[in-house]
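Novice: My questions will all concern the structure given below.
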Amino acid sequence: MNEKEISEIRRRLRPEKHNISHIYGCYVNEKKEVISVFDESVSLMPQDEAETYLSLLKKTLSGTLNKNLLDVSFRTAQVADSEEHRLLMDLKKSGLNDETALQAFYQRVIEALHFEGNYLILVALDSYDVPYRGKDDAGMADASNEMFTYMLCSICPVKLGKAALSYSISKNEFHNREGGWLVAAPELGFMFPTFDDRSTNIYNALYYTKDTAESYTEFTDAIFNVELPPPAEVQKETFQSVLADTLAEECSLEVVQAVHEQLTERIEEHKANKDAVPMAFSKREMAEVLENCGVTSEHIAAFEERFDTEFGADIELSPKNIIDNRQFQLRTPDVIIKVSPERSDLIETRVINGTKYILICANEGVEVNGVNIHI
């Protein structure tokens with residue numbers, strides 16, 4: 001799915017648009033014991049409560065593609081005959097009314113998920129009468145060409161809130177109120193099937209993880225049984241290690257600046273073009289960047305070989321996963337320097353009398369603890 005397609009489904013999760021009839025849930029404690037299972041009719045809920053459920057489900061479609069939202073591609077053999085895909089299809093086809101399939105799904109999640117504290121498994125099914133879109137991308141609500149039916153699953157931590165003073169309207173007084181158990185935003189979840197090319201694709205699911213350093217491998221193995229790329233934070237750390245180790249003494253400030261600048265430019269260009277397809281770059285493209293920076297062919301070859309080992313020869317990485325395009329940062333054991341990416345030219349390194357220095361151009365507007373100083 002691309003960003004436009006995800007946004008189109010997110011817009012469905014509003015009180016006036018969705019076709020979700022029931023919210024299903026399973027409340028689990030930290031000992032993997034089921035505290036309660038429920039099936040709530042959305043039409044019988046107070047409006048604010050229904051909106052809260054929709055908000056939790058909607059967050060499962062939030063974040064950045066290839067970072068928080070990962071494409072899950074089932075193998076053809078899995079779609080033809082596999083326990084994990086069959087269970088998802090049974091849930092979808094039955095409209096979540098197959099009690100046996102729903103309980104089997106809950107148990108699969110509980111057995112696979114190692115979560116600190118209590119959590120809530122939320123599941124809902126929506127049907128979308130997809131409006132036709134012409135070449136001008138204008139929608140025609142009265143010209144539908146497909147009914148897209150999909151399920152959403154959100155795994156939400158349930159945390160004990162703090163006691164606090166609360167105002168009682170009836171008594172016109174403040175009294176201490178117990179915090180109670182509160183449902184937090186989902187940590188992970190998924191959508192199945194996906195809405196690719198604005199059509200049903202049972203060969204894919206869209207997996208969500210709030211923490212870009214954690215992918216909950218046991219959960220994804222149990223539910224999808226496919227290998228997912230490493231978490232975004234792991235990709236970033238691995239790429240940094242590959243760059244530093246293979247370029248050795250050529251891994252200078254100027255080279256890292258150039259890499260950061262070129263990747264930032266690609267991110268900004270992609271954003272300006274409003275391209276819905278997530279951007280990615282290959283090993284070869286990265287090698288060309290290094291070549292343009294003057295890195296020797298020997299070190300570029302070492303980079304490519306290590307890239308294959310760590311990521312795979314045909315893997316393409318998202319630039320947003322390996323750099324922070326909002327800032328340029330230098331760090332020593334005692335000092336951290338953060339600079340706007342477009343002004344990294346203000347920084348240089350120099351050796352003076354045998355001592356290494358980081359120099360920052362500071363002609364005007366210098367403050368120390370909020371106080372303007374003169375140099």
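Labels for the structure tokens follow display order: chains A, B, ..., residues from 1 in each chain, ligands from 1.
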Do you know which residues are at most 8 Å from region 313-323 of chain A counting only C-alpha atoms, after dropping those on the same chain fewer than 3 positions away, and could you put them as a list in words?
Specialist: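 Final neighbour list, sorted by chain and number: Asn66, Lys67, Ala232, Glu233, Gln235, Lys236, Glu237, Phe239, Gln240, His260, Leu263, Thr264, Ile267, Pro278, Met279, Ala280, Phe281, Ser282, Lys283, Phe307, Asp308 and Thr309 of chain A.
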Novice: Next, dump the selected residues to file, keeping only N, CA and C atoms, as a PDB file, in the first residue's frame.
Specialist:
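Written file, result.pdb:
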```
ATOM      1  N   ASN A  66       7.458   1.817   5.812  1.00  0.00           N
ATOM      2  CA  ASN A  66       8.776   1.175   5.895  1.00  0.00           C
ATOM      3  C   ASN A  66       9.495   1.490   7.202  1.00  0.00           C
ATOM      4  N   LYS A  67       8.816   2.205   8.106  1.00  0.00           N
ATOM      5  CA  LYS A  67       9.392   2.506   9.405  1.00  0.00           C
ATOM      6  C   LYS A  67       8.460   1.986  10.495  1.00  0.00           C
ATOM      7  N   ALA A 232      13.480  -0.278  12.029  1.00  0.00           N
ATOM      8  CA  ALA A 232      14.125   0.903  11.460  1.00  0.00           C
ATOM      9  C   ALA A 232      15.363   1.329  12.245  1.00  0.00           C
ATOM     10  N   GLU A 233      15.288   1.291  13.577  1.00  0.00           N
ATOM     11  CA  GLU A 233      16.436   1.703  14.389  1.00  0.00           C
ATOM     12  C   GLU A 233      17.618   0.752  14.202  1.00  0.00           C
ATOM     13  N   GLN A 235      18.191  -0.959  11.408  1.00  0.00           N
ATOM     14  CA  GLN A 235      18.712  -0.634  10.081  1.00  0.00           C
ATOM     15  C   GLN A 235      19.657   0.562  10.161  1.00  0.00           C
ATOM     16  N   LYS A 236      19.253   1.580  10.928  1.00  0.00           N
ATOM     17  CA  LYS A 236      20.071   2.792  11.059  1.00  0.00           C
ATOM     18  C   LYS A 236      21.417   2.475  11.700  1.00  0.00           C
ATOM     19  N   GLU A 237      21.388   1.742  12.805  1.00  0.00           N
ATOM     20  CA  GLU A 237      22.624   1.395  13.505  1.00  0.00           C
ATOM     21  C   GLU A 237      23.524   0.511  12.637  1.00  0.00           C
ATOM     22  N   PHE A 239      23.582   0.342   9.282  1.00  0.00           N
ATOM     23  CA  PHE A 239      24.125   1.144   8.179  1.00  0.00           C
ATOM     24  C   PHE A 239      25.276   2.006   8.667  1.00  0.00           C
ATOM     25  N   GLN A 240      25.119   2.627   9.821  1.00  0.00           N
ATOM     26  CA  GLN A 240      26.191   3.466  10.370  1.00  0.00           C
ATOM     27  C   GLN A 240      27.452   2.643  10.609  1.00  0.00           C
ATOM     28  N   HIS A 260      24.661  12.529   4.005  1.00  0.00           N
ATOM     29  CA  HIS A 260      23.467  13.083   4.653  1.00  0.00           C
ATOM     30  C   HIS A 260      22.752  14.076   3.744  1.00  0.00           C
ATOM     31  N   LEU A 263      20.992  12.260   0.693  1.00  0.00           N
ATOM     32  CA  LEU A 263      19.797  11.518   1.099  1.00  0.00           C
ATOM     33  C   LEU A 263      18.682  12.474   1.526  1.00  0.00           C
ATOM     34  N   THR A 264      19.060  13.564   2.209  1.00  0.00           N
ATOM     35  CA  THR A 264      18.065  14.567   2.602  1.00  0.00           C
ATOM     36  C   THR A 264      17.430  15.210   1.378  1.00  0.00           C
ATOM     37  N   ILE A 267      14.875  12.886  -0.045  1.00  0.00           N
ATOM     38  CA  ILE A 267      13.658  12.867   0.768  1.00  0.00           C
ATOM     39  C   ILE A 267      12.804  14.096   0.474  1.00  0.00           C
ATOM     40  N   PRO A 278       6.508   4.744  -1.524  1.00  0.00           N
ATOM     41  CA  PRO A 278       7.629   4.991  -0.606  1.00  0.00           C
ATOM     42  C   PRO A 278       8.968   4.971  -1.341  1.00  0.00           C
ATOM     43  N   MET A 279       9.857   5.898  -0.998  1.00  0.00           N
ATOM     44  CA  MET A 279      11.145   5.944  -1.667  1.00  0.00           C
ATOM     45  C   MET A 279      12.123   4.991  -1.001  1.00  0.00           C
ATOM     46  N   ALA A 280      13.067   4.518  -1.794  1.00  0.00           N
ATOM     47  CA  ALA A 280      14.090   3.599  -1.294  1.00  0.00           C
ATOM     48  C   ALA A 280      15.319   3.734  -2.184  1.00  0.00           C
ATOM     49  N   PHE A 281      16.487   3.358  -1.660  1.00  0.00           N
ATOM     50  CA  PHE A 281      17.690   3.390  -2.487  1.00  0.00           C
ATOM     51  C   PHE A 281      18.410   2.054  -2.366  1.00  0.00           C
ATOM     52  N   SER A 282      19.102   1.713  -3.437  1.00  0.00           N
ATOM     53  CA  SER A 282      19.784   0.427  -3.513  1.00  0.00           C
ATOM     54  C   SER A 282      21.247   0.563  -3.099  1.00  0.00           C
ATOM     55  N   LYS A 283      21.890  -0.583  -2.988  1.00  0.00           N
ATOM     56  CA  LYS A 283      23.326  -0.615  -2.683  1.00  0.00           C
ATOM     57  C   LYS A 283      24.109   0.135  -3.760  1.00  0.00           C
ATOM     58  N   PHE A 307      27.480  -4.580   2.827  1.00  0.00           N
ATOM     59  CA  PHE A 307      26.053  -4.282   2.662  1.00  0.00           C
ATOM     60  C   PHE A 307      25.292  -5.572   2.334  1.00  0.00           C
ATOM     61  N   ASP A 308      25.852  -6.367   1.414  1.00  0.00           N
ATOM     62  CA  ASP A 308      25.229  -7.649   1.044  1.00  0.00           C
ATOM     63  C   ASP A 308      25.106  -8.564   2.258  1.00  0.00           C
ATOM     64  N   THR A 309      26.156  -8.590   3.081  1.00  0.00           N
ATOM     65  CA  THR A 309      26.163  -9.469   4.251  1.00  0.00           C
ATOM     66  C   THR A 309      25.120  -9.047   5.269  1.00  0.00           C
TER      67      THR A 309
END
```
Novice: Env of Glu178 (chain A): 12 Å cut, atoms = only C-alpha atoms, seq-sep filter 2 positions within chain, self excluded. Answer as a ChimeraX atom specification.
Specialist: /A:160-166,175-176,180-182
Novice: Could the residues in this selection be saved with C-alpha atoms as a PDB file, in the first residue's frame?
Specialist:
```pdb
ATOM      1  CA  LEU A 160      -2.897   1.691  35.882  1.00  0.00           C
ATOM      2  CA  GLY A 161      -3.495   5.434  35.955  1.00  0.00           C
ATOM      3  CA  LYS A 162      -2.492   7.638  38.864  1.00  0.00           C
ATOM      4  CA  ALA A 163      -4.957   8.829  41.478  1.00  0.00           C
ATOM      5  CA  ALA A 164      -5.787  12.525  41.173  1.00  0.00           C
ATOM      6  CA  LEU A 165      -8.009  15.236  42.556  1.00  0.00           C
ATOM      7  CA  SER A 166     -11.264  15.390  40.600  1.00  0.00           C
ATOM      8  CA  HIS A 175     -12.167  14.713  45.926  1.00  0.00           C
ATOM      9  CA  ASN A 176      -9.477  12.138  45.292  1.00  0.00           C
ATOM     10  CA  GLY A 180      -8.165   2.899  37.301  1.00  0.00           C
ATOM     11  CA  TRP A 181      -6.932   0.813  34.388  1.00  0.00           C
ATOM     12  CA  LEU A 182      -6.566   2.862  31.204  1.00  0.00           C
TER      13      LEU A 182
END
```
Novice: Taking the DSSP secondary structure from the backbone, can you list the residues of region 46-269 of chain A that are strand (DSSP E), as a ChimeraX atom specification?
Specialist: /A:69-73,118-133,139-160,164-168,173-177,181-183,188-192,194-196,199-201,204-209
Novice: Please provide as a short mmCIF file (atom, residue, chain, number, x, y, z; two decimals) with C-alpha atoms, in the first residue's frame all residues within 8 Å of region 24-36 of chain A, with the sequence filter that same-chain residues fewer than 6 positions apart are discarded (counting only C-alpha atoms).
Specialist:
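In the end it all went to around_3.cif:
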```cif
data_model
loop_
_atom_site.label_atom_id
_atom_site.label_comp_id
_atom_site.auth_asym_id
_atom_site.auth_seq_id
_atom_site.Cartn_x
_atom_site.Cartn_y
_atom_site.Cartn_z
CA TYR A 106 -6.70 -14.71 20.44
CA ILE A 110 -1.38 -14.57 23.55
CA GLU A 111 1.05 -17.47 23.11
CA PHE A 115 4.33 -8.11 26.78
CA GLU A 116 5.08 -6.37 30.06
CA GLY A 117 1.84 -5.74 31.92
CA ASN A 118 -1.77 -6.16 30.83
CA TYR A 119 -2.94 -5.56 27.27
CA LEU A 120 -6.07 -5.50 25.13
CA ILE A 121 -6.49 -7.23 21.77
CA LEU A 122 -8.97 -5.20 19.70
CA VAL A 123 -10.39 -6.58 16.44
CA ALA A 124 -12.90 -5.01 14.04
#
```
Novice: Would you please work out which residue, of A:Glu5, A:Glu146, A:Glu214, A:Asp71, is nearest to Val130 (chain A) when using only C-alpha atoms?
Specialist: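 Among the listed residues, the smallest separation from Val130 (chain A) belongs to A:Glu146.
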Novice: So which one's closest to Ile20 (chain A), A:Asn68, A:Glu218, A:Pro131, A:Asp126? Using only C-alpha atoms, please.
Specialist: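 Residue with the minimum atom-to-atom distance to Ile20 (chain A): A:Asp126.
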Novice: Extract, using only C-alpha atoms, all DNA, RNA and protein residues at most 9 Å from Met89 (chain A), discarding same-chain residues fewer than 5 positions from it, and format them as a PyMOL selection string.
Specialist: chain A and resi 84+94+192-193+202
Novice: Any idea what's packed within 12 Å of His18 (chain A), counting only C-alpha atoms, ignoring anything in its chain fewer than 3 positions away? Could you give it as a ChimeraX atom specification?
Specialist: /A:8-15,21-22,42-43,50-51,54,57-58,124-129,149-150
Novice: Please produce a file of those selected residues containing N, CA and C atoms, as a PDB file, in the first residue's frame.
Specialist:
```
ATOM      1  N   GLU A   8      -6.672   6.905   2.590  1.00  0.00           N
ATOM      2  CA  GLU A   8      -8.065   6.670   2.194  1.00  0.00           C
ATOM      3  C   GLU A   8      -8.770   5.756   3.197  1.00  0.00           C
ATOM      4  N   ILE A   9      -8.065   4.737   3.669  1.00  0.00           N
ATOM      5  CA  ILE A   9      -8.662   3.823   4.652  1.00  0.00           C
ATOM      6  C   ILE A   9      -8.744   4.504   6.022  1.00  0.00           C
ATOM      7  N   ARG A  10      -7.750   5.296   6.382  1.00  0.00           N
ATOM      8  CA  ARG A  10      -7.796   6.011   7.666  1.00  0.00           C
ATOM      9  C   ARG A  10      -9.018   6.926   7.743  1.00  0.00           C
ATOM     10  N   ARG A  11      -9.343   7.554   6.623  1.00  0.00           N
ATOM     11  CA  ARG A  11     -10.506   8.445   6.607  1.00  0.00           C
ATOM     12  C   ARG A  11     -11.815   7.686   6.822  1.00  0.00           C
ATOM     13  N   ARG A  12     -11.781   6.368   6.620  1.00  0.00           N
ATOM     14  CA  ARG A  12     -12.968   5.556   6.858  1.00  0.00           C
ATOM     15  C   ARG A  12     -13.318   5.482   8.341  1.00  0.00           C
ATOM     16  N   LEU A  13     -12.302   5.594   9.190  1.00  0.00           N
ATOM     17  CA  LEU A  13     -12.482   5.347  10.607  1.00  0.00           C
ATOM     18  C   LEU A  13     -13.006   6.585  11.334  1.00  0.00           C
ATOM     19  N   ARG A  14     -14.133   7.064  10.834  1.00  0.00           N
ATOM     20  CA  ARG A  14     -14.862   8.172  11.437  1.00  0.00           C
ATOM     21  C   ARG A  14     -16.291   7.726  11.682  1.00  0.00           C
ATOM     22  N   PRO A  15     -16.957   8.301  12.683  1.00  0.00           N
ATOM     23  CA  PRO A  15     -18.315   7.862  13.019  1.00  0.00           C
ATOM     24  C   PRO A  15     -19.278   7.887  11.850  1.00  0.00           C
ATOM     25  N   SER A  21     -19.704  -2.857  12.604  1.00  0.00           N
ATOM     26  CA  SER A  21     -20.907  -3.111  13.403  1.00  0.00           C
ATOM     27  C   SER A  21     -20.579  -3.521  14.835  1.00  0.00           C
ATOM     28  N   HIS A  22     -19.445  -4.218  15.010  1.00  0.00           N
ATOM     29  CA  HIS A  22     -19.075  -4.718  16.337  1.00  0.00           C
ATOM     30  C   HIS A  22     -17.582  -4.512  16.586  1.00  0.00           C
ATOM     31  N   VAL A  42     -21.413  -1.506  18.082  1.00  0.00           N
ATOM     32  CA  VAL A  42     -21.047  -0.096  17.950  1.00  0.00           C
ATOM     33  C   VAL A  42     -22.293   0.788  18.010  1.00  0.00           C
ATOM     34  N   SER A  43     -23.393   0.329  17.432  1.00  0.00           N
ATOM     35  CA  SER A  43     -24.620   1.138  17.403  1.00  0.00           C
ATOM     36  C   SER A  43     -25.207   1.368  18.785  1.00  0.00           C
ATOM     37  N   ALA A  50     -17.551   4.992  21.182  1.00  0.00           N
ATOM     38  CA  ALA A  50     -17.310   4.461  19.837  1.00  0.00           C
ATOM     39  C   ALA A  50     -16.156   5.208  19.172  1.00  0.00           C
ATOM     40  N   GLU A  51     -16.103   6.517  19.370  1.00  0.00           N
ATOM     41  CA  GLU A  51     -15.028   7.307  18.783  1.00  0.00           C
ATOM     42  C   GLU A  51     -13.678   6.937  19.382  1.00  0.00           C
ATOM     43  N   LEU A  54     -12.587   3.739  17.681  1.00  0.00           N
ATOM     44  CA  LEU A  54     -12.156   4.036  16.315  1.00  0.00           C
ATOM     45  C   LEU A  54     -10.787   4.709  16.315  1.00  0.00           C
ATOM     46  N   LEU A  57      -8.095   2.038  16.804  1.00  0.00           N
ATOM     47  CA  LEU A  57      -7.903   1.264  15.575  1.00  0.00           C
ATOM     48  C   LEU A  57      -7.199   2.089  14.504  1.00  0.00           C
ATOM     49  N   LYS A  58      -7.537   3.367  14.450  1.00  0.00           N
ATOM     50  CA  LYS A  58      -6.959   4.263  13.440  1.00  0.00           C
ATOM     51  C   LYS A  58      -5.456   4.420  13.626  1.00  0.00           C
ATOM     52  N   ALA A 124     -11.685  -5.529  14.676  1.00  0.00           N
ATOM     53  CA  ALA A 124     -12.902  -5.014  14.041  1.00  0.00           C
ATOM     54  C   ALA A 124     -12.839  -5.282  12.543  1.00  0.00           C
ATOM     55  N   LEU A 125     -14.013  -5.335  11.906  1.00  0.00           N
ATOM     56  CA  LEU A 125     -14.105  -5.580  10.469  1.00  0.00           C
ATOM     57  C   LEU A 125     -14.932  -4.473   9.829  1.00  0.00           C
ATOM     58  N   ASP A 126     -14.416  -3.935   8.737  1.00  0.00           N
ATOM     59  CA  ASP A 126     -15.105  -2.855   8.024  1.00  0.00           C
ATOM     60  C   ASP A 126     -15.278  -3.249   6.560  1.00  0.00           C
ATOM     61  N   SER A 127     -16.353  -2.762   5.946  1.00  0.00           N
ATOM     62  CA  SER A 127     -16.593  -2.973   4.517  1.00  0.00           C
ATOM     63  C   SER A 127     -16.704  -1.624   3.831  1.00  0.00           C
ATOM     64  N   TYR A 128     -15.925  -1.439   2.805  1.00  0.00           N
ATOM     65  CA  TYR A 128     -15.806  -0.154   2.111  1.00  0.00           C
ATOM     66  C   TYR A 128     -16.267  -0.295   0.671  1.00  0.00           C
ATOM     67  N   ASP A 129     -17.345   0.415   0.325  1.00  0.00           N
ATOM     68  CA  ASP A 129     -17.835   0.440  -1.047  1.00  0.00           C
ATOM     69  C   ASP A 129     -16.965   1.425  -1.811  1.00  0.00           C
ATOM     70  N   THR A 149     -13.452  -5.457   1.963  1.00  0.00           N
ATOM     71  CA  THR A 149     -13.697  -5.870   3.340  1.00  0.00           C
ATOM     72  C   THR A 149     -12.360  -6.221   3.990  1.00  0.00           C
ATOM     73  N   TYR A 150     -12.099  -5.619   5.133  1.00  0.00           N
ATOM     74  CA  TYR A 150     -10.799  -5.798   5.780  1.00  0.00           C
ATOM     75  C   TYR A 150     -10.973  -5.815   7.293  1.00  0.00           C
TER      76      TYR A 150
END
```
Novice: Taking only C-alpha atoms into account, which of A:Lys92, A:Arg284, A:His299, A:Lys356 comes nearest Cys153 (chain A)?
Specialist: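 Going through A:Lys92, A:Arg284, A:His299, A:Lys356 one by one, the smallest distance to Cys153 (chain A) is for A:Lys92.
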Novice: Near Leu56 (chain A), within 9 Å and counting only C-alpha atoms, which residues show up once chain neighbours fewer than 6 positions away are dropped, as a PyMOL selection string?
Specialist: chain A and resi 122+154+156+184-186
Novice: Using only C-alpha atoms, please write the residues we just selected to a file, as a PDB file, in the first residue's frame.
Specialist:
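Below is the file out-v3.pdb, written as the result:
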```pdb
ATOM      1  CA  LEU A 122      -8.966  -5.202  19.697  1.00  0.00           C
ATOM      2  CA  SER A 154      -4.721  -3.356  17.593  1.00  0.00           C
ATOM      3  CA  CYS A 156      -3.031  -1.878  23.290  1.00  0.00           C
ATOM      4  CA  ALA A 184      -3.137   3.260  25.909  1.00  0.00           C
ATOM      5  CA  ALA A 185      -2.434   3.721  22.199  1.00  0.00           C
ATOM      6  CA  PRO A 186      -1.577   0.484  20.353  1.00  0.00           C
TER       7      PRO A 186
END
```
Novice: One decimal, in Å: what's the spacing between CA of Gln103 (chain A) and CA of Phe190 (chain A)?
Specialist: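 Distance reported for this atom pair: 17.5 Å.
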Novice: For each of A:Glu250, A:Glu305, A:Glu310, A:Asp39, take the minimum atom-to-atom distance to Leu290 (chain A), counting only C-alpha atoms, then give the residue where this is smallest.
Specialist: A:Glu250
Novice: Would you please work out which residue, of A:Phe174, A:Tyr53, A:Tyr357, A:Phe328, is nearest to Val259 (chain A) when using only C-alpha atoms?
Specialist: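 When distances to Val259 (chain A) are compared using only C-alpha atoms, the smallest one comes from A:Phe328.
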Novice: I'd like to know which residues of region 165-332 of chain A are helix (DSSP H, G or I) (by DSSP, run on the backbone); could you write them as JSON, numbers by chain?
Specialist: {"A": [217, 218, 219, 220, 221, 222, 223, 232, 233, 234, 235, 236, 237, 238, 239, 240, 241, 242, 243, 244, 245, 246, 247, 248, 249, 250, 253, 254, 255, 256, 257, 258, 259, 260, 261, 262, 263, 264, 265, 266, 267, 268, 269, 270, 271, 272, 283, 284, 285, 286, 287, 288, 289, 290, 291, 292, 297, 298, 299, 300, 301, 302, 303, 304, 305, 306, 307, 308, 309, 310, 319, 320, 321, 322]}
